[in-house]
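*Asks:* One structure, pasted below without further comment.
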There are 4 protein chains.
Amino acid sequence: MKLWGGRFSKQTDSLVQQFNASLPFDIRLYDEDITASIVWTQGLVRANILTPQEAKTIIAGLEQVRTEFQQDNIKINSADEDIHSLVERRLTEIVGPVGGKLHTGRSRNDQVATDFRLWTIGAVNQLMIQVTGLQKALHDRAKADLNLPMPGYTHLQHAQPVTWGHWTLSHFWPLERDNQRLAHAQESAAVLPLGSAALAGTAYPVDRHALAKELGFKVLSQNSLDAVSDRDFAADFLYAATMLGLHLSRLSEQLIIFSSSEFGFVSLDDAYSTGSSLMPQKKNPDTLELTRGKAGRLLGNLTGLLATLKGLPSTYDKDLQEDKEPVFDAFDTLNLTLPVMAGVIQTLRLRPQRMAAQLDTGLLATDLADYLVKKGLPFRQAHELVGQVVQLGEEQDQTLAELSLADLKSISDYFERDVGDMFSVTTSLNSRSEPGGTAPGAMIRQLAAAEEILAARSAS
Amino acid sequence: MKLWGGRFSKQTDSLVQQFNASLPFDIRLYDEDITASIVWTQGLVRANILTPQEAKTIIAGLEQVRTEFQQDNIKINSADEDIHSLVERRLTEIVGPVGGKLHTGRSRNDQVATDFRLWTIGAVNQLMIQVTGLQKALHDRAKADLNLPMPGYTHLQHAQPVTWGHWTLSHFWPLERDNQRLAHAQESAAVLPLGSAALAGTAYPVDRHALAKELGFKVLSQNSLDAVSDRDFAADFLYAATMLGLHLSRLSEQLIIFSSSEFGFVSLDDAYSTGSSLMPQKKNPDTLELTRGKAGRLLGNLTGLLATLKGLPSTYDKDLQEDKEPVFDAFDTLNLTLPVMAGVIQTLRLRPQRMAAQLDTGLLATDLADYLVKKGLPFRQAHELVGQVVQLGEEQDQTLAELSLADLKSISDYFERDVGDMFSVTTSLNSRSEPGGTAPGAMIRQLAAAEEILAARSAS
Amino acid sequence: MKLWGGRFSKQTDSLVQQFNASLPFDIRLYDEDITASIVWTQGLVRANILTPQEAKTIIAGLEQVRTEFQQDNIKINSADEDIHSLVERRLTEIVGPVGGKLHTGRSRNDQVATDFRLWTIGAVNQLMIQVTGLQKALHDRAKADLNLPMPGYTHLQHAQPVTWGHWTLSHFWPLERDNQRLAHAQESAAVLPLGSAALAGTAYPVDRHALAKELGFKVLSQNSLDAVSDRDFAADFLYAATMLGLHLSRLSEQLIIFSSSEFGFVSLDDAYSTGSSLMPQKKNPDTLELTRGKAGRLLGNLTGLLATLKGLPSTYDKDLQEDKEPVFDAFDTLNLTLPVMAGVIQTLRLRPQRMAAQLDTGLLATDLADYLVKKGLPFRQAHELVGQVVQLGEEQDQTLAELSLADLKSISDYFERDVGDMFSVTTSLNSRSEPGGTAPGAMIRQLAAAEEILAARSAS
Amino acid sequence: MKLWGGRFSKQTDSLVQQFNASLPFDIRLYDEDITASIVWTQGLVRANILTPQEAKTIIAGLEQVRTEFQQDNIKINSADEDIHSLVERRLTEIVGPVGGKLHTGRSRNDQVATDFRLWTIGAVNQLMIQVTGLQKALHDRAKADLNLPMPGYTHLQHAQPVTWGHWTLSHFWPLERDNQRLAHAQESAAVLPLGSAALAGTAYPVDRHALAKELGFKVLSQNSLDAVSDRDFAADFLYAATMLGLHLSRLSEQLIIFSSSEFGFVSLDDAYSTGSSLMPQKKNPDTLELTRGKAGRLLGNLTGLLATLKGLPSTYDKDLQEDKEPVFDAFDTLNLTLPVMAGVIQTLRLRPQRMAAQLDTGLLATDLADYLVKKGLPFRQAHELVGQVVQLGEEQDQTLAELSLADLKSISDYFERDVGDMFSVTTSLNSRSEPGGTAPGAMIRQLAAAEEILAARSAS
């Protein structure tokens, strides 16, 4: 059904009809559309446009439409251009001409904004559950091997010893920031546009405060011209989704590298790997690679919507119809990626011996410099001297621990017999005891902080 | 069907199966997949892997699968993870174990690249037809009112008189550049990867030159490691699509402005406009706004793929599976937008009086400066003096033509009685006679150049 | 000065030196770097690495370096690769070898993150002042002509009457959302990374809580591996900047259109316009066009950083050095654009007669439908009938108000003598009295809400 | 100098002047601006606006201005808003009022487009030299160790044996595609806009064909309205630059991984590595990481310009001033990155033993399946059986080569005594002999194809 034929003397071109139609994707908003229409019906009673009896009829009709949707029993006409006209058309078939009163004082402009905001609020709830699920998986794996030593990297080069727990939780906190961003997006969405009508505000005393309360919105939009064209919440959602996707891509990248033959620190479970059509020996981390790749897709969704919004001239323009598909796609992408990634983490097999094999004494060069600092040398000088020690080791093809005291003394007299005590991964780990560091005590506190967050989330 | 189960001791997790599956979108490649498999079968005959009789059986089976697809009669199993495994599974059901010989010496890595390149070559052909259709519409409208005067704008301010033909053809040439970019993308696609196998090249003497010839590729990929991961052609396609989208957005923006009440230069046909659910008088240029908005979507597709490709480590990685959806979406978007836009142009109603009403003499200020230049003044000085004339006119609330000669002479003695001849739109138009200018003679030559292009395209 | 030469046997290639150097842009962080180094010095006293006397010497040296920067008196060596090495080099020249103790227990990884976060916190403060300045300008102009009627648009087509105050404030609220986003970015930045050292945490008891307090950070980073590579705050800043840029582009677009000859609703002040080198009459809204264009630049900055972050493998990687230039550019862009735009708004000349001339009765079609609704017709039917009225008017070339009662009755008997009262812009405006609507009472409440925000900001 | 003050009654606001000024970046176009002005001068002689003597004076003046620029001797006034007004101002100071004749019949709109196109043509030439330099470095390293075996990867998992030459050349061909894209961008740029004036075409018979010939342009723009706003060439350049950046990021990613301790296939030269301010042992591949990161920056430049172009309304709008900075930045980025990367490649140390250590027999599983195929099994069945062999090997903790014939026969009777011959990397490599494959013969042909390209480039 078209909601607007009267002033037109010609049919819409059929390609144009297909081009304009949003039903293929906005059908997903049926539940929100019906809920918002029911609340609007109540507003029209307050405005004396509908009698309570008429409202009762309309609400019953809308609930019947909802049931038809839920039972996948709704019939779509080729003339239904969007979810709003479909619902109104079907309602009117059910309840008769009184259905034609429902659209009094509202416009699709405020209606679609209301529906989409309601949907987004729910989508954020769902994604936060999924994010928390992945955080839980990371927490559990961190806790299980909290102090298992492994090489720490910067620039993908051996840097200093860290622990498996430390590494694993380093991916917990970015997700917590993602939760914050999702919450901000939800707050952006929780502003009621209904009652803005097409642009100038509704001409009927529907009581917008009551509408907001009944629909669960926190606040009212302040300006109707802005309200019908404000898609900041959709952009905020896509931005939060993109950041989440980036964090997942970073976790994926590391696990892909860690599961290579050469690193071999972890092994993906068969249930989370796939094979090759040609090479029988292959076990590929496809799940991780797809996750990494989808970060690009999410960024594309964000960039696309922002470019669409750029330079839009006024209130509602049809360009805004391009807002929903990227948001739906971002939600679907993450709603599948997050539990898959949680499964990957839960089932990951650690290979501690492979990690141990990489704990060479080069990782302790900073500790060696700290040794000299404790002997009284300025750090800058200590750094320079240990650099020379490293070079000597390379020339003699020896590890730092293999160099003789004489070798060390050839570089600096500050090296003494006790220097051998430095070459201990445990000592190195223990020394990083400030908050956030890799020492066991700091890790216990970090784990507790993570647990507090998980507990708060499961309580809410 | 999975093509790789042997070395796995555990089933794939069901969410992972859904996550990895590309069938929902790569099913679109069925025709290309079957064609490439038939050609591959012939290669395996040359390599003595298949007897001619086996090949005949397989090819007949593949043609039956194709028919099943064409008749929408193919049954999908939940285990079919992509179009390649679906086709092979169905083939083997039809022809028995000999179907298991088809995948000898190839990999999904070179297979998918081949299919996708074939598809892209066809997609470019289709889009070029659509672009040419829009160019034709623009040409026809330009020709019909070639010398109809209208104000020309820079900065959306009145600048100099131009003609409707000139303005309309100014959107013809960007589309011609788009055709060039599409042709470049097609050339990028027309490089055969088949025979690269998973990464190292096939181990069977299939004769890649023959494969290329049979599939219609111009050249062979030079390096198998590169061939299985080269997605430049997909990026080239998305870039060409984005530029095309941008050009359409610019045409749309102008027509949206030109069809406002205030401009009123054009009026969209009812068949290409839509109405409002609330405001009965509205006739909205939704088609143009959607077209403008979709430029963002296309840019999102491009940005997304480019970000996905960034930093990929080697040969084939599963991230590359994210290559098809943006390309399909870009194609579908343009394949619908272009004929809609052609329809808009064909049915557009011009309102020449509204254009004429805006042809104020302010548009002739440059001609006035040129008048002084012809009297011997350096242009920079002439410009300054005419600026003062404009200011005087504004102070006296008079147009340039309304100012008296005395007024003009108060600014410069170079103004003489013949200055009045300047105030003619026709004179102004006629003076822009260099190639590309707005003068009638130049317009005839420009139209001829456009016609030559259209003729060449329709001949090919 | 290089901070790391010891283990290298060869000089850095000179092109590489240029390629790696960040000094050309991170010199901008000198103030934050020195402040953070002073606080770090105090931490080293707590850790017993520095005596109070040594600390005093170092701090005095750092303050001298700061003064040299402030007086533009610092000398740069070609070997200074970044602001951190420059400051340490100069410090050591001033205070001697004790300067070499400053870098004990920290790394450039936590140092640069600390400096950049401090800078971002300040940048947000500055931008919020600029945003508020523009909000103030919009508020003032809205208040001055709060109820001046003008046509309201959707799809750039006449929709319903609104007021200048309503339109102007419709650009106030998006900016308020931008302020929220900037505040969120600031909160993201206000997390102390110092004490994370290179990746594993510092080995010295510097007391990170004290460091945070002294530097004005609210909380500590929880995980050192995350802390050195977390650039979410930079992305949050760029996202907030992009949204702000988009909102400014939308305001610009409308003012560009409103200042065209055809609309003529507003006229830019000469001080905010520019001319043409060729056409003497031109007065161009260059400021608005540049503002619109810069939305693209800001989006580019955001997209670029997000793509850089995608798939980064671990803790600190040098890719992160690409984080600062887009942030600095976004800040500089907005820090100049916002006051220019405030000036444009403050000096804009309104042309109420031009607005009035566009207040045709077509804008009242919705009111005519509402008239029928009040007579008891369902809205959907009323909408259809008024659509026919509009069509009749177009056929007879008459406005709605010009149609006779007989004409109206030919379409519906519900039209009666009192229908003429409908054709009043004032009545139409007054009827939109729900919160956010265009009625005078609603506008007063909206203005008050805006004033409350401005008052709160100026108080803070 | 302003070129347009006459009609303005008020000075430009000083912030606006700063906001509008493009001189800080377009000063880079001085050489092109002067060259184009000289050619324009000759056009004005043909148009009888200048006498030959005046032209001589102007040209001498312009050459003097050029010399002042070249000697870094030009003085900039605060009123110089762009390179065009600076050159004309200085010219007029030198030659007197006759300088005011230079701008006759042209506009900054066609002037800036001409200058920028000339610059882009030169920039492409320079980048193609740099790309070819990197291709040469790759070629040389490939040739030096053409058949050195190394593991080939898909999904970063061991796949099949390949050779160093094969891997290295796999980065040669993407760069060759980049050269094609750069050439296309250059072709886009080589269209002369001069003579389009502000929008409608010049009013003077300057002979545009002669202008094109004198400036080295291949063709004339066909439509003046299009010509002044066509920035496709800038987008084409940025797209080519982005693709080039992506290819460099992929090469970088692999070398970063290959130079990790765990892989250890290559070692960067000291001159192309950097150290850590904290960890004395570190040798970091900063050059590679920066290169990888800059792919994001280049994508940002592209996305930004495309978003700026979206929806621009007509001919020249000031938004277009945002075109130059991203192009200049992309050029500078690549012009430094490419030679750095060439240096990285030239000086890279290979570690063949580390590669050899990773050539496990798992890489030969496909060969084992091919063995069964040659015994007559369909490939699909062979693949399944070898998968079981792999699994058996994992269970027994044995490599494929270590499994006994009895073990193999327990899975399939097709395995016979000659199966042992399969476990040879050399045999595996030799079998990939189709064009593009890793076999020595195919590699010689591939190298020859690369050499042909390099020879053609050095000849041109």
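Chain lettering (A, B, ...) mirrors the order of the structure tokens, residue numbering begins at 1 for each chain separately, and ligand numbering begins at 1 in order of display.
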Quick one: everything within 12 Å of Phe233 in chain B, counting only C-alpha atoms, minus sequence neighbours fewer than 3 positions away in the same chain. Send it as a PyMOL selection string.

*Replies:* (chain B and resi 113-114+116-121+124+181-192+227+229-230+236-240+302+305-306+323-324+327) or (chain D and resi 174+177-178+181+243)

*Asks:* Would you write out those residues with C-alpha atoms, as a PDB file, in the first residue's frame?

*Replies:*
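After the write, part_8.pdb holds the following:
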```pdb
ATOM      1  CA  ALA B 113      39.543 -16.514  -8.216  1.00  0.00           C
ATOM      2  CA  THR B 114      38.678 -17.796 -11.681  1.00  0.00           C
ATOM      3  CA  PHE B 116      34.934 -14.357  -9.525  1.00  0.00           C
ATOM      4  CA  ARG B 117      36.993 -12.896 -12.351  1.00  0.00           C
ATOM      5  CA  LEU B 118      34.644 -14.384 -14.945  1.00  0.00           C
ATOM      6  CA  TRP B 119      31.695 -12.893 -13.092  1.00  0.00           C
ATOM      7  CA  THR B 120      33.348  -9.482 -12.889  1.00  0.00           C
ATOM      8  CA  ILE B 121      34.067  -9.430 -16.609  1.00  0.00           C
ATOM      9  CA  VAL B 124      31.387  -4.746 -16.285  1.00  0.00           C
ATOM     10  CA  ARG B 181      37.514   3.017 -15.336  1.00  0.00           C
ATOM     11  CA  LEU B 182      35.118   0.105 -15.767  1.00  0.00           C
ATOM     12  CA  ALA B 183      37.092  -1.002 -18.808  1.00  0.00           C
ATOM     13  CA  HIS B 184      40.297  -0.851 -16.761  1.00  0.00           C
ATOM     14  CA  ALA B 185      38.681  -2.971 -14.054  1.00  0.00           C
ATOM     15  CA  GLN B 186      37.666  -5.472 -16.678  1.00  0.00           C
ATOM     16  CA  GLU B 187      41.189  -5.629 -17.991  1.00  0.00           C
ATOM     17  CA  SER B 188      42.414  -6.272 -14.433  1.00  0.00           C
ATOM     18  CA  ALA B 189      39.938  -9.120 -14.147  1.00  0.00           C
ATOM     19  CA  ALA B 190      40.857 -10.728 -17.451  1.00  0.00           C
ATOM     20  CA  VAL B 191      43.954 -12.513 -16.134  1.00  0.00           C
ATOM     21  CA  LEU B 192      43.626 -16.272 -15.662  1.00  0.00           C
ATOM     22  CA  ALA B 227      47.436 -15.224  -8.438  1.00  0.00           C
ATOM     23  CA  SER B 229      45.562 -13.659  -3.468  1.00  0.00           C
ATOM     24  CA  ASP B 230      45.326 -10.943  -6.091  1.00  0.00           C
ATOM     25  CA  ASP B 236      39.373  -1.714  -9.264  1.00  0.00           C
ATOM     26  CA  PHE B 237      35.735  -2.613  -9.816  1.00  0.00           C
ATOM     27  CA  LEU B 238      34.661  -1.061  -6.510  1.00  0.00           C
ATOM     28  CA  TYR B 239      36.686   2.041  -7.209  1.00  0.00           C
ATOM     29  CA  ALA B 240      35.084   2.447 -10.640  1.00  0.00           C
ATOM     30  CA  LEU B 302      35.342   0.249  -1.435  1.00  0.00           C
ATOM     31  CA  LEU B 305      37.516  -4.121   0.974  1.00  0.00           C
ATOM     32  CA  LEU B 306      40.650  -1.995   0.939  1.00  0.00           C
ATOM     33  CA  ASP B 323      35.714  -9.797  -1.265  1.00  0.00           C
ATOM     34  CA  LYS B 324      32.466 -10.816  -2.930  1.00  0.00           C
ATOM     35  CA  VAL B 327      31.299  -6.252  -5.225  1.00  0.00           C
TER      36      VAL B 327
ATOM     37  CA  PRO D 174      51.364  -6.413  -7.783  1.00  0.00           C
ATOM     38  CA  ARG D 177      49.700  -3.565 -11.627  1.00  0.00           C
ATOM     39  CA  ASP D 178      50.364  -0.432  -9.576  1.00  0.00           C
ATOM     40  CA  ARG D 181      47.119   2.218 -12.292  1.00  0.00           C
ATOM     41  CA  MET D 243      46.649   0.177  -3.859  1.00  0.00           C
TER      42      MET D 243
END
```

*Asks:* Give me the residues near range 280-288 of chain C as a ChimeraX atom specification, where near means some atom within 7 Å (using only C-alpha atoms) and where sequence neighbours in that chain fewer than 6 positions away do not count.

*Replies:* /B:155,157,159,362,365-366,383,386-387,390 /C:252,256,272-274 /D:4,7,20,318

*Asks:* Restricting the output to N, CA, C and O atoms, write the selected residues as an mmCIF file, in the first residue's frame.

*Replies:*
```cif
data_model
loop_
_atom_site.group_PDB
_atom_site.id
_atom_site.type_symbol
_atom_site.label_atom_id
_atom_site.label_comp_id
_atom_site.auth_asym_id
_atom_site.auth_seq_id
_atom_site.Cartn_x
_atom_site.Cartn_y
_atom_site.Cartn_z
ATOM 1 N N HIS B 155 29.937 28.000 -6.984
ATOM 2 C CA HIS B 155 29.608 28.218 -5.574
ATOM 3 C C HIS B 155 28.090 28.353 -5.372
ATOM 4 O O HIS B 155 27.655 29.005 -4.439
ATOM 5 N N GLN B 157 26.264 30.219 -6.787
ATOM 6 C CA GLN B 157 25.907 31.614 -7.034
ATOM 7 C C GLN B 157 25.879 31.841 -8.537
ATOM 8 O O GLN B 157 26.645 31.227 -9.275
ATOM 9 N N ALA B 159 26.753 32.926 -11.962
ATOM 10 C CA ALA B 159 28.095 33.188 -12.472
ATOM 11 C C ALA B 159 28.027 33.791 -13.875
ATOM 12 O O ALA B 159 28.243 34.985 -14.054
ATOM 13 N N GLY B 362 23.383 40.628 -13.691
ATOM 14 C CA GLY B 362 24.579 40.343 -12.887
ATOM 15 C C GLY B 362 25.444 39.266 -13.523
ATOM 16 O O GLY B 362 26.669 39.270 -13.400
ATOM 17 N N ALA B 365 28.395 40.504 -15.750
ATOM 18 C CA ALA B 365 29.453 41.388 -15.238
ATOM 19 C C ALA B 365 30.794 41.088 -15.884
ATOM 20 O O ALA B 365 31.579 42.001 -16.179
ATOM 21 N N THR B 366 31.077 39.809 -16.120
ATOM 22 C CA THR B 366 32.356 39.468 -16.773
ATOM 23 C C THR B 366 32.398 40.052 -18.182
ATOM 24 O O THR B 366 33.444 40.548 -18.630
ATOM 25 N N HIS B 383 38.312 44.485 -14.009
ATOM 26 C CA HIS B 383 37.624 43.686 -12.990
ATOM 27 C C HIS B 383 37.316 44.548 -11.772
ATOM 28 O O HIS B 383 36.196 44.552 -11.251
ATOM 29 N N VAL B 386 34.515 47.092 -12.624
ATOM 30 C CA VAL B 386 33.186 46.489 -12.714
ATOM 31 C C VAL B 386 32.713 46.072 -11.319
ATOM 32 O O VAL B 386 31.524 46.137 -11.005
ATOM 33 N N GLY B 387 33.637 45.680 -10.475
ATOM 34 C CA GLY B 387 33.274 45.406 -9.085
ATOM 35 C C GLY B 387 32.631 46.620 -8.439
ATOM 36 O O GLY B 387 31.610 46.517 -7.737
ATOM 37 N N VAL B 390 29.155 47.007 -9.749
ATOM 38 C CA VAL B 390 28.242 46.097 -9.067
ATOM 39 C C VAL B 390 27.828 46.673 -7.716
ATOM 40 O O VAL B 390 26.659 46.668 -7.338
ATOM 41 N N SER C 252 26.245 24.021 6.739
ATOM 42 C CA SER C 252 26.814 24.757 5.595
ATOM 43 C C SER C 252 25.969 24.572 4.343
ATOM 44 O O SER C 252 25.670 25.533 3.637
ATOM 45 N N ILE C 256 24.373 27.513 2.213
ATOM 46 C CA ILE C 256 24.760 27.723 0.812
ATOM 47 C C ILE C 256 23.500 27.820 -0.062
ATOM 48 O O ILE C 256 23.376 28.721 -0.895
ATOM 49 N N TYR C 272 32.768 37.575 5.514
ATOM 50 C CA TYR C 272 32.751 36.107 5.515
ATOM 51 C C TYR C 272 32.504 35.524 4.115
ATOM 52 O O TYR C 272 32.100 34.381 3.985
ATOM 53 N N SER C 273 32.711 36.361 3.093
ATOM 54 C CA SER C 273 32.526 35.917 1.713
ATOM 55 C C SER C 273 33.794 36.231 0.953
ATOM 56 O O SER C 273 34.639 36.991 1.407
ATOM 57 N N THR C 274 33.879 35.647 -0.232
ATOM 58 C CA THR C 274 35.016 35.997 -1.079
ATOM 59 C C THR C 274 34.523 36.200 -2.499
ATOM 60 O O THR C 274 33.387 35.875 -2.834
ATOM 61 N N TRP D 4 40.029 40.149 -6.301
ATOM 62 C CA TRP D 4 38.586 40.317 -6.435
ATOM 63 C C TRP D 4 37.952 41.355 -5.533
ATOM 64 O O TRP D 4 36.737 41.336 -5.331
ATOM 65 N N ARG D 7 33.842 44.665 -5.489
ATOM 66 C CA ARG D 7 32.434 44.803 -5.139
ATOM 67 C C ARG D 7 32.212 44.672 -3.637
ATOM 68 O O ARG D 7 31.064 44.662 -3.200
ATOM 69 N N ASN D 20 40.594 30.457 4.346
ATOM 70 C CA ASN D 20 40.485 30.318 2.889
ATOM 71 C C ASN D 20 41.821 30.105 2.200
ATOM 72 O O ASN D 20 41.869 29.546 1.108
ATOM 73 N N LYS D 318 34.055 25.642 -3.688
ATOM 74 C CA LYS D 318 35.312 25.802 -2.939
ATOM 75 C C LYS D 318 35.716 24.529 -2.217
ATOM 76 O O LYS D 318 36.886 24.369 -1.843
#
```

*Asks:* Considering only C-alpha atoms, state which residue in the set C:Lys375, C:Lys409, C:Lys101, C:Arg90 is at the smallest distance from chain A.

*Replies:*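 Under the stated criterion, the closest residue is C:Lys101.
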
*Asks:* Given only C-alpha atoms as the basis, pick out the residue of B:Arg457, B:Lys374, B:Arg46, B:Arg297 nearest to Met422 in chain B.

*Replies:*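 Result for the nearest residue to Met422 in chain B: B:Lys374.
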
*Asks:* I'd like to know which residues of range 216-373 of chain A are alpha helix (DSSP H) (by DSSP, run on the backbone); could you write them as a ChimeraX atom specification?

*Replies:* /A:224-227,232-258,286-309,324-347,352-357,365-373

*Asks:* As an exercise, work out the distance from CA of Leu278 in chain D to CA of Ser196 in chain C in Å and give it to one decimal place.

*Replies:* 11.7 Å
